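This report concerns only the one structure given below.
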Amino acid sequence: MYSKILVATDGSELSVRALRTAAYLAKAEKSAVVVVTVTSSMMSVGYSAIGDAAVEMIAVEAEAATDHAKALLEAARAVLDSEGVDADYVHVRDHEPADGIIKTATDTGPDLIIMGSHGRRGIQRLLLGSEASHVLTLSKVPVLIVK
(Lines give C-alpha, C1' and ligand atoms only; values in the text may rest on other atoms or scores of the structure.)
Protein backbone atom coordinates (compact mmCIF):
# COMPACT_ATOMS: atom_id res chain seq x y z
CA MET A 1 0.00 0.00 0.00
CA TYR A 2 2.83 2.41 0.89
CA SER A 3 6.05 2.07 -1.08
CA LYS A 4 7.65 5.17 0.46
CA ILE A 5 6.96 6.91 3.75
CA LEU A 6 8.15 10.42 4.63
CA VAL A 7 8.41 11.09 8.34
CA ALA A 8 9.13 14.52 9.80
CA THR A 9 11.13 15.03 12.98
CA ASP A 10 11.73 18.02 15.21
CA GLY A 11 13.26 16.07 18.07
CA SER A 12 10.14 16.09 20.23
CA GLU A 13 8.62 13.06 21.91
CA LEU A 14 5.83 13.25 19.33
CA SER A 15 8.47 12.95 16.60
CA VAL A 16 9.80 9.81 18.23
CA ARG A 17 6.26 8.40 18.19
CA ALA A 18 5.99 9.34 14.51
CA LEU A 19 9.32 7.61 13.79
CA ARG A 20 8.19 4.46 15.59
CA THR A 21 4.90 4.51 13.68
CA ALA A 22 6.81 4.91 10.41
CA ALA A 23 9.06 2.00 11.37
CA TYR A 24 6.07 -0.21 12.12
CA LEU A 25 4.39 0.60 8.81
CA ALA A 26 7.63 0.37 6.84
CA LYS A 27 8.31 -3.13 8.14
CA ALA A 28 4.73 -4.25 7.52
CA GLU A 29 4.61 -2.78 4.01
CA LYS A 30 8.32 -3.19 3.12
CA SER A 31 8.37 0.56 2.45
CA ALA A 32 11.29 2.88 1.92
CA VAL A 33 11.55 5.61 4.55
CA VAL A 34 12.72 9.20 4.24
CA VAL A 35 13.23 11.27 7.38
CA VAL A 36 13.17 15.04 7.12
CA THR A 37 13.96 17.84 9.51
CA VAL A 38 13.55 21.48 8.57
CA THR A 39 15.33 24.57 9.84
CA SER A 40 14.43 28.14 9.14
CA SER A 41 16.91 30.96 9.50
CA MET A 42 17.09 34.70 9.57
CA MET A 43 18.15 34.52 5.94
CA SER A 44 14.75 33.10 5.05
CA VAL A 45 13.10 36.14 6.64
CA GLY A 46 14.48 38.33 3.89
CA TYR A 47 17.04 40.66 5.42
CA SER A 48 18.66 42.75 2.69
CA ALA A 49 20.37 45.94 3.82
CA ILE A 50 22.17 44.77 6.95
CA GLY A 51 25.61 45.41 8.36
CA ASP A 52 28.60 43.10 8.64
CA ALA A 53 27.88 42.23 12.28
CA ALA A 54 24.38 41.08 11.38
CA VAL A 55 25.71 39.02 8.47
CA GLU A 56 28.15 37.31 10.83
CA MET A 57 25.36 36.68 13.35
CA ILE A 58 23.23 35.11 10.62
CA ALA A 59 26.13 32.85 9.57
CA VAL A 60 26.62 31.70 13.17
CA GLU A 61 22.87 31.05 13.51
CA ALA A 62 22.84 29.06 10.26
CA GLU A 63 25.77 26.92 11.44
CA ALA A 64 24.02 26.27 14.75
CA ALA A 65 20.83 25.28 12.90
CA THR A 66 22.80 22.86 10.74
CA ASP A 67 24.46 21.31 13.79
CA HIS A 68 21.07 20.98 15.49
CA ALA A 69 19.56 19.35 12.38
CA LYS A 70 22.44 16.85 12.22
CA ALA A 71 21.81 15.94 15.85
CA LEU A 72 18.06 15.52 15.20
CA LEU A 73 18.71 13.27 12.22
CA GLU A 74 21.24 11.20 14.17
CA ALA A 75 18.68 10.74 16.94
CA ALA A 76 16.10 9.71 14.33
CA ARG A 77 18.63 7.26 12.85
CA ALA A 78 19.12 5.73 16.31
CA VAL A 79 15.35 5.21 16.69
CA LEU A 80 14.96 3.63 13.26
CA ASP A 81 18.12 1.54 13.62
CA SER A 82 16.73 0.16 16.90
CA GLU A 83 13.61 -0.83 14.95
CA GLY A 84 15.67 -2.42 12.14
CA VAL A 85 14.60 0.11 9.51
CA ASP A 86 16.91 1.78 6.99
CA ALA A 87 16.10 5.30 5.84
CA ASP A 88 17.35 8.27 3.88
CA TYR A 89 17.84 11.46 5.87
CA VAL A 90 17.17 14.99 4.60
CA HIS A 91 17.82 18.40 6.13
CA VAL A 92 15.88 21.21 4.47
CA ARG A 93 17.41 24.60 5.20
CA ASP A 94 15.85 28.05 5.19
CA HIS A 95 12.21 26.96 5.08
CA GLU A 96 9.37 27.03 7.51
CA PRO A 97 8.70 23.46 8.75
CA ALA A 98 5.50 22.74 6.81
CA ASP A 99 6.92 24.18 3.59
CA GLY A 100 10.10 22.12 3.97
CA ILE A 101 8.10 18.96 4.56
CA ILE A 102 5.97 19.61 1.47
CA LYS A 103 9.13 20.40 -0.56
CA THR A 104 10.67 17.10 0.51
CA ALA A 105 7.45 15.26 -0.33
CA THR A 106 7.50 16.84 -3.79
CA ASP A 107 11.17 15.92 -4.25
CA THR A 108 10.98 12.33 -2.93
CA GLY A 109 7.45 11.21 -3.89
CA PRO A 110 6.17 9.43 -0.78
CA ASP A 111 2.80 7.68 -0.59
CA LEU A 112 2.34 8.81 3.02
CA ILE A 113 3.61 11.57 5.30
CA ILE A 114 3.81 10.87 9.03
CA MET A 115 4.32 13.63 11.58
CA GLY A 116 3.52 14.51 15.14
CA SER A 117 1.12 17.21 16.21
CA HIS A 118 1.24 19.09 19.47
CA GLY A 119 -2.52 19.56 19.27
CA ARG A 120 -2.52 23.26 20.05
CA ARG A 121 -5.90 24.89 20.28
CA GLY A 122 -7.33 28.36 20.64
CA ILE A 123 -4.95 31.25 21.16
CA GLN A 124 -1.85 29.00 21.18
CA ARG A 125 -2.72 27.75 17.70
CA LEU A 126 -3.43 31.27 16.52
CA LEU A 127 -0.12 32.60 17.85
CA LEU A 128 2.11 29.58 17.18
CA GLY A 129 0.37 28.16 14.14
CA SER A 130 -0.01 24.52 13.31
CA GLU A 131 2.59 22.94 11.08
CA ALA A 132 0.52 19.75 10.94
CA SER A 133 -2.52 21.69 9.78
CA HIS A 134 -0.43 23.45 7.13
CA VAL A 135 0.95 20.13 5.85
CA LEU A 136 -2.57 18.64 5.80
CA THR A 137 -3.76 21.57 3.73
CA LEU A 138 -0.89 21.49 1.20
CA SER A 139 -0.14 17.78 0.88
CA LYS A 140 -1.10 15.85 -2.22
CA VAL A 141 -0.66 12.53 -0.39
CA PRO A 142 -2.25 11.18 2.80
CA VAL A 143 -0.90 12.53 6.08
CA LEU A 144 -0.91 10.49 9.27
CA ILE A 145 -0.84 12.68 12.38
CA VAL A 146 0.57 11.08 15.52
CA LYS A 147 -0.40 12.46 18.95
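Chain labels A, B, ... are given in the sequence in which chains occur in the C-alpha coordinates; within each chain residues are numbered consecutively from 1, and ligands are likewise numbered from 1 in the order shown.
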
(request) For stretch 104-120 of chain A, work out the shell of residues within 9 Å, counting only C-alpha atoms and skipping chain neighbours fewer than 6 positions away, then give it as a PyMOL selection string. (result) chain A and resi 1-10+12-19+21-22+32-34+36+90+92+126+128-133+135+139-147

(message) Using DSSP assignments from the backbone, pull out every residue in chain A that falls under alpha helix (DSSP H) and give it to me as number ranges by chain.
(response) A: 13-29, 42-45, 52-82, 97-108, 122-128, 131-138

(request) Have a look at atom CA of A:Thr39 and atom CA of A:His68 and let me know their distance in Å, one decimal. (result)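 One can read the atom CA of A:Thr39 to atom CA of A:His68 distance as 8.8 Å.
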
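The spacing separating atom CA of A:Ala69 from atom CA of A:Val35 amounts to 11.4 Å.
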
(request) as number ranges by chain, list the residues of chain A assigned to strand (DSSP E) by DSSP on the backbone atoms of this structure. (result) A: 4-8, 32-39, 88-93, 112-116, 143-146

(message) Nearest residue to A:Ala87 out of A:Ala26, A:Ile102, A:Leu136, A:Val38, using only C-alpha atoms?
(response)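 The answer is A:Ala26, which sits nearest to A:Ala87.
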